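> What follows is the file target-v6.txt, containing compact mmCIF, C-alpha atoms and all ligand atoms:
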# COMPACT_ATOMS: atom_id res chain seq x y z
CA MET A 1 -16.74 6.48 -109.48
CA LEU A 2 -19.86 5.32 -107.69
CA GLU A 3 -21.74 5.37 -110.96
CA GLN A 4 -19.22 2.90 -112.36
CA LYS A 5 -19.63 0.64 -109.35
CA VAL A 6 -23.42 0.63 -109.83
CA LEU A 7 -22.86 -0.20 -113.51
CA GLU A 8 -20.47 -3.03 -112.70
CA ILE A 9 -22.97 -4.62 -110.32
CA LEU A 10 -25.76 -4.37 -112.90
CA LYS A 11 -23.50 -5.94 -115.53
CA GLN A 12 -22.50 -8.78 -113.20
CA ASN A 13 -26.19 -9.55 -112.72
CA ASN A 14 -26.69 -10.23 -116.41
CA GLU A 15 -30.05 -8.60 -117.03
CA ASN A 16 -31.47 -9.76 -113.67
CA TYR A 17 -33.01 -7.26 -111.29
CA VAL A 18 -30.92 -5.84 -108.46
CA SER A 19 -32.89 -4.07 -105.75
CA GLY A 20 -32.17 -0.48 -104.82
CA GLU A 21 -31.85 -1.65 -101.25
CA SER A 22 -29.12 -4.17 -101.94
CA LEU A 23 -27.26 -1.64 -104.10
CA SER A 24 -27.42 0.95 -101.34
CA GLU A 25 -26.29 -1.52 -98.69
CA HIS A 26 -23.49 -2.85 -100.85
CA LEU A 27 -22.16 0.58 -101.74
CA GLY A 28 -22.89 2.25 -98.40
CA VAL A 29 -25.01 5.10 -99.80
CA THR A 30 -28.69 6.05 -99.63
CA ARG A 31 -31.28 4.69 -102.05
CA THR A 32 -31.86 8.23 -103.29
CA SER A 33 -28.23 8.45 -104.20
CA ILE A 34 -28.46 5.11 -106.07
CA TRP A 35 -31.51 6.44 -107.92
CA LYS A 36 -29.54 9.56 -108.96
CA HIS A 37 -26.65 7.46 -110.24
CA ILE A 38 -29.03 5.22 -112.18
CA ASN A 39 -30.48 8.34 -113.80
CA SER A 40 -27.10 9.64 -114.85
CA LEU A 41 -26.23 6.21 -116.29
CA LYS A 42 -29.47 6.36 -118.28
CA GLU A 43 -28.52 9.82 -119.50
CA ALA A 44 -25.17 8.38 -120.60
CA GLY A 45 -27.12 6.00 -122.85
CA TYR A 46 -27.37 2.81 -120.78
CA ASN A 47 -30.69 1.04 -121.10
CA ILE A 48 -31.71 0.44 -117.48
CA GLU A 49 -35.20 -0.68 -116.53
CA SER A 50 -36.57 0.26 -113.10
CA VAL A 51 -39.50 -1.73 -111.73
CA THR A 52 -41.15 -1.05 -108.36
CA ARG A 53 -40.33 -3.74 -105.75
CA LYS A 54 -37.94 -5.50 -108.14
CA GLY A 55 -35.23 -2.91 -108.63
CA TYR A 56 -33.01 -2.14 -111.59
CA ARG A 57 -31.67 -4.16 -114.49
CA LEU A 58 -29.41 -3.38 -117.41
CA ILE A 59 -31.37 -4.51 -120.43
CA ASP A 60 -28.96 -5.18 -123.24
CA SER A 61 -25.25 -5.14 -123.65
CA SER A 62 -25.66 -2.05 -125.82
CA ASP A 63 -22.78 -0.76 -127.86
CA ILE A 64 -22.07 2.15 -125.56
CA LEU A 65 -18.82 3.97 -126.00
CA ASN A 66 -17.26 6.04 -123.26
CA GLU A 67 -14.04 6.22 -121.27
CA PHE A 68 -15.24 3.76 -118.65
CA GLU A 69 -16.25 1.07 -121.19
CA VAL A 70 -12.80 1.27 -122.79
CA LYS A 71 -10.84 1.35 -119.51
CA ASN A 72 -12.79 -1.52 -117.96
CA GLY A 73 -10.71 -4.63 -118.72
CA LEU A 74 -8.08 -2.82 -120.79
CA GLN A 75 -4.89 -4.89 -120.75
CA THR A 76 -2.18 -2.36 -121.53
CA ASP A 77 0.61 -0.76 -119.51
CA LEU A 78 1.02 2.43 -121.52
CA ILE A 79 -1.38 2.93 -124.40
CA GLY A 80 -4.72 4.14 -123.06
CA ASN A 81 -3.45 5.12 -119.58
CA LYS A 82 -5.06 8.39 -120.48
CA ILE A 83 -8.22 8.26 -122.58
CA VAL A 84 -10.08 11.34 -123.80
CA TYR A 85 -13.61 10.51 -124.98
CA ILE A 86 -15.50 13.17 -126.91
CA LYS A 87 -19.04 12.84 -128.21
CA GLU A 88 -18.36 14.89 -131.34
CA VAL A 89 -15.19 16.46 -132.67
CA ASP A 90 -13.96 17.74 -136.04
CA SER A 91 -11.17 15.15 -136.21
CA THR A 92 -9.58 13.06 -133.47
CA ASN A 93 -6.24 13.50 -135.25
CA LEU A 94 -6.52 17.29 -135.01
CA TYR A 95 -7.59 17.08 -131.37
CA ALA A 96 -4.76 14.68 -130.53
CA ARG A 97 -2.26 16.95 -132.27
CA LYS A 98 -3.48 19.89 -130.21
CA ILE A 99 -3.07 18.07 -126.90
CA ALA A 100 0.27 16.58 -128.01
CA LEU A 101 1.57 20.11 -128.61
CA GLU A 102 0.40 20.93 -125.08
CA GLY A 103 2.39 17.97 -123.74
CA ALA A 104 -0.01 14.97 -123.77
CA GLU A 105 1.91 11.91 -122.76
CA ASP A 106 3.01 8.94 -124.84
CA GLY A 107 0.07 6.56 -125.36
CA THR A 108 -2.73 9.10 -124.83
CA VAL A 109 -5.84 8.00 -126.73
CA VAL A 110 -8.56 10.26 -128.16
CA ILE A 111 -11.85 8.59 -129.10
CA ALA A 112 -14.93 10.25 -130.60
CA ASP A 113 -18.43 8.94 -131.20
CA ALA A 114 -18.67 11.16 -134.29
CA GLN A 115 -16.30 13.26 -136.41
CA THR A 116 -17.63 16.21 -138.38
CA ALA A 117 -14.47 16.60 -140.48
CA GLY A 118 -12.77 13.18 -140.36
CA ARG A 119 -9.58 13.22 -142.43
CA GLY A 120 -7.98 10.77 -144.83
CA ARG A 121 -4.60 11.11 -146.49
CA LEU A 122 -3.74 13.96 -148.86
CA GLY A 123 -6.63 16.12 -147.66
CA ARG A 124 -9.29 13.51 -148.43
CA ASN A 125 -12.37 13.07 -146.24
CA TRP A 126 -13.12 10.22 -143.90
CA SER A 127 -16.81 9.62 -143.34
CA SER A 128 -17.38 9.19 -139.59
CA MET A 129 -21.03 8.78 -138.68
CA ALA A 130 -22.13 9.00 -135.03
CA GLY A 131 -22.49 5.80 -133.07
CA LYS A 132 -21.35 3.46 -135.85
CA GLY A 133 -17.60 3.29 -135.94
CA ILE A 134 -14.32 3.62 -134.13
CA TRP A 135 -12.80 7.05 -134.69
CA MET A 136 -9.65 7.12 -132.65
CA SER A 137 -6.18 8.70 -132.49
CA VAL A 138 -3.18 7.78 -130.37
CA VAL A 139 -0.39 10.16 -129.40
CA LEU A 140 2.94 8.32 -129.70
CA ARG A 141 6.39 9.61 -128.81
CA PRO A 142 8.77 6.98 -130.21
CA GLN A 143 12.47 7.70 -130.49
CA ILE A 144 12.72 7.14 -134.22
CA SER A 145 13.66 9.15 -137.29
CA PRO A 146 11.05 10.42 -139.78
CA GLU A 147 12.13 7.74 -142.31
CA GLU A 148 11.12 5.00 -139.86
CA VAL A 149 7.55 6.23 -139.39
CA GLN A 150 6.06 4.02 -142.10
CA ILE A 151 6.65 0.97 -139.90
CA ILE A 152 4.19 2.40 -137.37
CA THR A 153 1.47 2.56 -140.04
CA LEU A 154 2.23 -0.98 -141.19
CA GLY A 155 2.27 -2.18 -137.58
CA ALA A 156 -1.03 -0.44 -136.89
CA SER A 157 -2.60 -2.32 -139.82
CA VAL A 158 -1.40 -5.59 -138.32
CA ALA A 159 -2.84 -4.58 -134.92
CA ALA A 160 -6.19 -3.68 -136.50
CA ILE A 161 -6.39 -6.98 -138.41
CA LYS A 162 -5.68 -8.97 -135.26
CA ALA A 163 -8.15 -7.03 -133.10
CA ILE A 164 -10.89 -7.36 -135.71
CA TYR A 165 -10.32 -11.09 -135.99
CA ASP A 166 -10.17 -11.61 -132.26
CA VAL A 167 -13.44 -9.83 -131.48
CA THR A 168 -15.50 -10.58 -134.61
CA GLY A 169 -13.91 -13.64 -136.20
CA ILE A 170 -13.63 -11.70 -139.48
CA ARG A 171 -10.46 -12.27 -141.48
CA ALA A 172 -9.65 -8.98 -143.19
CA GLY A 173 -6.66 -8.26 -145.42
CA ILE A 174 -4.24 -5.34 -145.78
CA LYS A 175 -3.96 -3.42 -149.01
CA TRP A 176 -0.61 -1.62 -149.09
CA PRO A 177 0.10 0.48 -147.21
CA ASN A 178 -2.79 1.18 -144.88
CA ASP A 179 -6.21 -0.01 -146.05
CA ILE A 180 -7.92 -2.86 -144.26
CA ILE A 181 -10.29 -4.57 -146.63
CA CYS A 182 -13.03 -7.20 -146.49
CA ASP A 183 -14.20 -8.67 -149.76
CA GLY A 184 -12.27 -5.96 -151.63
CA LYS A 185 -14.01 -3.11 -149.76
CA LYS A 186 -12.49 -0.76 -147.24
CA VAL A 187 -13.46 -1.36 -143.63
CA CYS A 188 -10.64 0.55 -141.93
CA GLY A 189 -8.21 3.34 -142.80
CA ILE A 190 -5.12 4.61 -141.01
CA LEU A 191 -3.66 8.11 -141.07
CA THR A 192 -0.30 8.66 -139.40
CA GLU A 193 0.76 12.28 -139.05
CA MET A 194 4.03 13.44 -137.57
CA ASN A 195 5.59 16.42 -135.93
CA SER A 196 9.35 16.18 -136.33
CA GLU A 197 12.77 17.79 -136.49
CA VAL A 198 15.09 16.86 -139.35
CA GLU A 199 16.41 13.73 -137.66
CA MET A 200 14.00 13.01 -134.85
CA VAL A 201 10.26 12.56 -134.47
CA ASN A 202 8.76 14.74 -131.73
CA PHE A 203 5.46 12.94 -131.75
CA LEU A 204 3.18 10.97 -134.03
CA ILE A 205 -0.57 10.96 -134.24
CA LEU A 206 -1.79 7.54 -135.26
CA GLY A 207 -5.38 7.87 -136.46
CA ILE A 208 -7.48 4.76 -137.01
CA GLY A 209 -11.00 4.64 -138.41
CA ILE A 210 -12.99 1.38 -138.43
CA ASN A 211 -16.50 1.02 -139.85
CA VAL A 212 -18.17 -1.22 -137.27
CA ASN A 213 -21.97 -1.18 -137.13
CA HIS A 214 -22.91 0.70 -140.31
CA THR A 215 -25.52 -0.62 -142.69
CA ILE A 216 -24.75 0.06 -146.36
CA LEU A 217 -27.34 2.86 -146.27
CA ASP A 218 -25.29 4.64 -143.61
CA PHE A 219 -22.46 5.35 -146.08
CA PRO A 220 -22.56 8.46 -148.27
CA ASP A 221 -23.38 7.66 -151.93
CA GLU A 222 -19.86 8.36 -153.16
CA ILE A 223 -18.36 5.55 -151.07
CA LYS A 224 -21.22 3.02 -151.00
CA SER A 225 -19.53 0.86 -153.62
CA ILE A 226 -16.06 0.92 -152.03
CA ALA A 227 -16.80 0.85 -148.29
CA THR A 228 -18.09 -1.83 -145.95
CA SER A 229 -18.48 -2.35 -142.22
CA LEU A 230 -17.83 -5.30 -139.96
CA ALA A 231 -21.60 -5.66 -139.45
CA VAL A 232 -22.34 -5.59 -143.20
CA TYR A 233 -19.57 -8.08 -143.92
CA SER A 234 -20.66 -10.44 -141.14
CA GLY A 235 -24.19 -10.46 -142.55
CA MET A 236 -23.20 -10.86 -146.20
CA ASN A 237 -24.27 -14.45 -146.45
CA ASP A 238 -27.10 -14.24 -144.00
CA LYS A 239 -28.85 -10.89 -144.25
CA LYS A 240 -31.28 -11.69 -141.43
CA ASN A 241 -28.45 -12.36 -139.09
CA VAL A 242 -26.41 -9.17 -139.21
CA LYS A 243 -24.32 -8.99 -136.07
CA LEU A 244 -23.65 -5.75 -134.22
CA PHE A 245 -20.37 -5.49 -132.38
CA ARG A 246 -19.33 -3.67 -129.24
CA ARG A 247 -16.92 -0.94 -130.30
CA SER A 248 -15.33 -0.83 -126.86
CA ASP A 249 -14.34 -4.52 -127.14
CA ILE A 250 -12.61 -3.90 -130.46
CA ILE A 251 -10.88 -0.77 -129.12
CA LYS A 252 -9.55 -2.61 -126.06
CA LYS A 253 -8.09 -5.38 -128.18
CA LEU A 254 -6.73 -2.86 -130.68
CA LEU A 255 -4.95 -0.86 -127.98
CA TYR A 256 -3.48 -4.10 -126.62
CA GLU A 257 -2.22 -5.15 -130.08
CA LEU A 258 -0.87 -1.64 -130.72
CA GLU A 259 1.11 -1.82 -127.52
CA GLN A 260 2.67 -5.14 -128.61
CA ILE A 261 3.69 -3.52 -131.91
CA TYR A 262 4.98 -0.39 -130.15
CA ASN A 263 7.13 -2.52 -127.83
CA LYS A 264 8.55 -4.37 -130.85
CA ILE A 265 9.41 -1.06 -132.52
CA LYS A 266 11.13 0.15 -129.34
CA LYS A 267 13.20 -3.08 -129.30
CA GLY A 268 14.05 -2.66 -132.98
CA ALA A 269 12.18 -5.86 -133.93
CA VAL A 270 10.98 -4.30 -137.19
CA LYS A 271 11.46 -7.54 -139.13
CA ASP A 272 8.80 -9.28 -136.99
CA ILE A 273 6.28 -6.59 -137.90
CA ILE A 274 7.10 -6.82 -141.61
CA ASP A 275 6.77 -10.61 -141.49
CA GLU A 276 3.36 -10.35 -139.84
CA TRP A 277 2.26 -7.69 -142.32
CA LYS A 278 3.15 -10.08 -145.16
CA LEU A 279 0.98 -12.79 -143.61
CA TYR A 280 -2.08 -10.54 -143.85
CA SER A 281 -1.22 -8.80 -147.10
CA ALA A 282 -3.87 -8.65 -149.80
CA THR A 283 -1.38 -6.96 -152.15
CA LEU A 284 1.71 -9.17 -152.41
CA GLY A 285 1.74 -11.50 -155.38
CA LYS A 286 -1.05 -9.53 -157.06
CA GLN A 287 -1.11 -7.55 -160.27
CA VAL A 288 -1.16 -3.87 -159.23
CA ARG A 289 -1.56 -0.45 -160.78
CA VAL A 290 0.56 2.26 -159.16
CA ILE A 291 -0.28 5.93 -159.43
CA TYR A 292 2.34 8.34 -158.12
CA LYS A 293 1.98 12.00 -159.01
CA ASN A 294 1.80 12.03 -162.83
CA ASP A 295 3.25 8.58 -163.26
CA THR A 296 1.11 5.43 -163.68
CA TYR A 297 2.44 1.92 -164.21
CA THR A 298 1.37 -1.69 -163.73
CA GLY A 299 3.22 -4.74 -162.51
CA THR A 300 3.29 -7.43 -159.84
CA ALA A 301 3.73 -6.60 -156.14
CA LEU A 302 6.70 -8.73 -155.11
CA ASP A 303 7.63 -7.84 -151.56
CA ILE A 304 7.96 -5.08 -149.00
CA ARG A 305 11.26 -3.81 -147.65
CA ASP A 306 12.02 -3.30 -143.97
CA ASP A 307 11.23 0.41 -144.23
CA GLY A 308 7.79 -0.41 -145.69
CA ARG A 309 8.47 0.32 -149.36
CA LEU A 310 6.55 -1.91 -151.78
CA VAL A 311 8.66 -3.66 -154.40
CA VAL A 312 6.93 -3.87 -157.78
CA LYS A 313 8.16 -5.88 -160.77
CA CYS A 314 6.87 -3.67 -163.55
CA ASP A 315 5.38 -5.05 -166.73
CA ASP A 316 8.20 -3.36 -168.69
CA GLY A 317 10.67 -5.63 -166.85
CA CYS A 318 12.23 -3.18 -164.36
CA THR A 319 11.81 -3.35 -160.59
CA ARG A 320 10.63 -0.26 -158.72
CA ASP A 321 10.27 0.63 -155.04
CA VAL A 322 7.04 2.42 -154.17
CA PHE A 323 7.29 4.66 -151.12
CA SER A 324 3.99 6.46 -151.44
CA GLY A 325 1.17 6.83 -153.91
CA GLU A 326 -1.95 4.90 -154.75
CA VAL A 327 -1.78 1.17 -155.38
CA SER A 328 -4.87 -0.59 -156.64
CA VAL A 329 -5.08 -4.35 -156.86
C1 LIG A 401 -7.45 6.80 -144.95
O1 LIG A 401 -7.21 7.76 -145.90
O2 LIG A 401 -7.85 5.70 -145.19
C2 LIG A 401 -7.21 7.26 -143.53
C3 LIG A 401 -8.47 7.32 -142.72
C4 LIG A 401 -8.19 7.66 -141.28
C5 LIG A 401 -9.43 7.94 -140.53
C6 LIG A 401 -9.16 8.11 -139.05
S1 LIG A 401 -10.62 8.20 -138.11
C7 LIG A 401 -9.75 8.72 -136.74
C8 LIG A 401 -8.68 9.67 -137.22
N1 LIG A 401 -9.16 11.03 -137.27
C9 LIG A 401 -9.19 11.49 -138.52
O3 LIG A 401 -9.59 12.63 -138.86
N2 LIG A 401 -8.75 10.53 -139.38
C10 LIG A 401 -8.35 9.35 -138.67
P1 LIG A 401 -7.22 7.51 -147.47
O4 LIG A 401 -6.37 6.32 -147.79
O5 LIG A 401 -6.85 8.81 -148.06
O6 LIG A 401 -8.71 7.15 -147.80
C11 LIG A 401 -9.70 8.14 -147.89
C12 LIG A 401 -10.73 7.67 -148.92
O7 LIG A 401 -11.45 6.55 -148.40
C13 LIG A 401 -11.78 8.71 -149.24
O8 LIG A 401 -11.36 9.54 -150.31
C14 LIG A 401 -12.99 7.86 -149.63
O9 LIG A 401 -12.89 7.42 -150.97
C15 LIG A 401 -12.82 6.63 -148.75
N3 LIG A 401 -13.59 6.72 -147.49
C16 LIG A 401 -13.97 7.82 -146.81
N4 LIG A 401 -14.61 7.48 -145.69
C17 LIG A 401 -14.64 6.13 -145.65
C18 LIG A 401 -15.16 5.17 -144.75
N5 LIG A 401 -15.77 5.51 -143.61
N6 LIG A 401 -15.00 3.86 -145.06
C19 LIG A 401 -14.37 3.47 -146.19
N7 LIG A 401 -13.86 4.32 -147.08
C20 LIG A 401 -13.99 5.64 -146.82
Starting from the file, lay out its structure as C-alpha cells.


Amino acid sequence: MLEQKVLEILKQNNENYVSGESLSEHLGVTRTSIWKHINSLKEAGYNIESVTRKGYRLIDSSDILNEFEVKNGLQTDLIGNKIVYIKEVDSTNLYARKIALEGAEDGTVVIADAQTAGRGRLGRNWSSMAGKGIWMSVVLRPQISPEEVQIITLGASVAAIKAIYDVTGIRAGIKWPNDIICDGKKVCGILTEMNSEVEMVNFLILGIGINVNHTILDFPDEIKSIATSLAVYSGMNDKKNVKLFRRSDIIKKLLYELEQIYNKIKKGAVKDIIDEWKLYSATLGKQVRVIYKNDTYTGTALDIRDDGRLVVKCDDGCTRDVFSGEVSV
C-alpha cells in the first residue's frame, strides 16, 4: 500500500525530484522505509532515479503492467474488482477457467505479461510475447443460454474497437466474427470459451489478445504478413515516429467498455450491440469466401442476425446463414 502511495506522489510530480525527507514526512514513515519502497518499485520495473540531496524522480511514463497500474483510475463497478496479474502463464484463458471452477467471482480479470501457450480458436496458437501486448481473460457469469454466447464475443469486439480508438486514435475494423483488423492485418483476437449445462451457461471465459507495442520483427515468421500491432500501425506513414502505448490505459478503457456491453446484455439490449457491431464491421457489404468444414463458397456478406450469425448472399443465388467457420474478405 505504502509503495503505491510513494508511486502516486512521484507520478504527480511529473519527472521532478521529490526529496526523501518530504516523502517520509508526508507518509509518516522513516527515510529508510521510503528508500526500501523505492527499491521495490525499481524491482517492479519502474525507472526511478535517485540523486543525493535532490531525492527521487520517476523518469518516464514507462509501459509498466501490474495490478496497481490497472486498478488506478479504473472506472468500473464490477469488471476488474478482482484483478490477478501474472508475469508469465501458459494461457490466461486456462488460468481463468481454473479459478472460475474454484469459484472466482463474476468480472474477475486475469492479465499476463507473457503467455507461453496462448490459444486461438480450434486449437490454434496465439503468439503472446512478453511486455508487448495485452493478454487478458475475464470470468463472466451471465444468465444466458449457450446459444446466446456469440453476442458476448461480438460485444467484446465492439468494446475492443472503442478502447483502441479512445486511447490511440486508431480506427480499427471488425472482421466477422472476432478479428480486429488494421489495414487488413490482425491486431486483436478474441476467444470465448464456456462451461455450461444444456440450457444455462455456468461461466464464460472471455479471452482478449491485443498486439500493442510489437515491432514487425517481434512477430514469428509465420504471422509476419498477417499480423500487426497498434505501434506498427501508428507508425506506418511515419516510421521515425512510431508511438508506444501504455497497455494499462488500453486495459482500463477496455474493461470499462466491456462493462457497458455486459450491462446491455443483462438488460436484453442485444439489438444495440448488433447495431454498434455493424458500424465497425469490415465484413458487411464485402465479397467473402466462407470455409466451413469441407464446404467452401463465395458470396456477399449482407447482414448479421441478432444471434450473431452472418447472412451471406451466395454467388449461386441462395442465401445462407454462417454460424461458425472461417470468413475471409
Ligand atoms: C483468435 O483465434 O484470434 C483468438 C485469440 C485469443 C487470444 C487471447 S490472449 C488472452 C487469452 N488467452 C489465450 O490463451 N487466448 C486468449 P483465431 O481466430 O483462431 O486466430 C488464431 C490465428 O491468428 C493463428 O492461427 C495465427 O494465424 C494468427 N495469430 C497468432 N498469433 C497472433 C497474433 N499475436 N497477432 C495476430 N495474429 C496472430

> Do you know which residues are within 8 Å of ligand LIG 401 (chain A) using only C-alpha atoms and all ligand atoms? Can you write them as a ChimeraX atom specification?

/A:90-94,111,115,117-129,134-137,178-179,185-191,206-211,219,222-223,226-229

> What gap, in Å, lies between atom CA of A:Ala231 and atom CA of A:Val212?

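We find that atom CA of A:Ala231 and atom CA of A:Val212 lie 6.0 Å from each other.
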
> May I have the residues within 9 Å of A:Glu69 as a PDB file with C-alpha atoms, keeping the file's coordinate frame, using only C-alpha atoms and disregarding those fewer than 5 positions away in the same chain?


ATOM      1  CA  ILE A  64     -22.070   2.150-125.560  1.00  0.00           C
ATOM      2  CA  SER A 248     -15.330  -0.830-126.860  1.00  0.00           C
ATOM      3  CA  ASP A 249     -14.340  -4.520-127.140  1.00  0.00           C
TER       4      ASP A 249
END

> So which residues touch A:Ser281 within 8 Å, counting all atoms listed in the file, skipping near sequence neighbours fewer than 3 positions away, as a JSON list (two decimals) with C-alpha atoms, keeping the file's coordinate frame?


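result_5.json, written as the output of this step:
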[["chain", "number", "residue", "atom", "x", "y", "z"],
["A", 173, "GLY", "CA", -6.66, -8.26, -145.42],
["A", 174, "ILE", "CA", -4.24, -5.34, -145.78],
["A", 175, "LYS", "CA", -3.96, -3.42, -149.01],
["A", 176, "TRP", "CA", -0.61, -1.62, -149.09],
["A", 277, "TRP", "CA", 2.26, -7.69, -142.32],
["A", 278, "LYS", "CA", 3.15, -10.08, -145.16],
["A", 284, "LEU", "CA", 1.71, -9.17, -152.41]]

> Using all atoms listed in the file, pick whichever of A:Val89, A:Ala130, A:Val288, A:Val6 has the shortest atom-to-atom distance to A:Lys313.

A:Val288

> What does the structure give for the distance between atom CA of A:Val327 and atom CA of A:Asp306, in Å to one decimal?

18.5 Å

> Mind giving me the straight-line distance from atom CA of A:Lys286 to atom CA of A:Ala160 in Å, one decimal?

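The value is 22.0 Å.
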
> Near stretch 257-266 of chain A, counting all atoms listed in the file, which residues have an atom at most 7 Å away, once you skip same-chain residues fewer than 2 positions from it, shown as a VMD selection string?

chain A and resid 76 79 155 to 156 159 163 253 to 255 268 to 270

> Every residue with an atom at most 9 Å from (10.8, 6.1, -147.4) (file coordinates; all atoms listed in the file) is what I'm after, so could you write them as an NGL selection string?

:A and (146-150 or 307-309 or 322-324)

> Which one is closest to A:Leu310: A:Ser328, A:Asn13, A:Thr298, A:Thr283? Count all atoms listed in the file.

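That would be A:Thr283, the residue with the smallest distance to A:Leu310.
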
> Determine, counting all atoms listed in the file, which protein, DNA and RNA residues have an atom within 12 Å of an atom of stretch 40-45 of chain A; residues of the same chain fewer than 2 positions away are not included. Present the result as a PyMOL selection string.

chain A and resi 1-8+10+33-38+47-50+56-69+87+131

> In terms of the shortest atom-to-atom distance over all atoms listed in the file, which of A:Arg171, A:Asn39, A:Asn72, A:Asp77 is closest to A:Lys11?

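Of A:Arg171, A:Asn39, A:Asn72, A:Asp77, the one nearest A:Lys11 is A:Asn72, counting all atoms listed in the file.
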
> Taking all atoms listed in the file into account, which of A:Thr168, A:Thr116, A:Thr52, A:Thr153 comes nearest A:Ile250?

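That would be A:Thr168, the residue with the smallest distance to A:Ile250.
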
> Which one is closest to A:Glu88: A:Val232, A:Ala112, A:Ile161, A:Leu154? Count only C-alpha atoms.

A:Ala112

> Could you tell me which of A:Pro142, A:Thr296, A:Gly317, A:Gly107 comes closest to A:Lys267 if we count all atoms listed in the file?

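For A:Lys267, the nearest of the given residues is A:Pro142.
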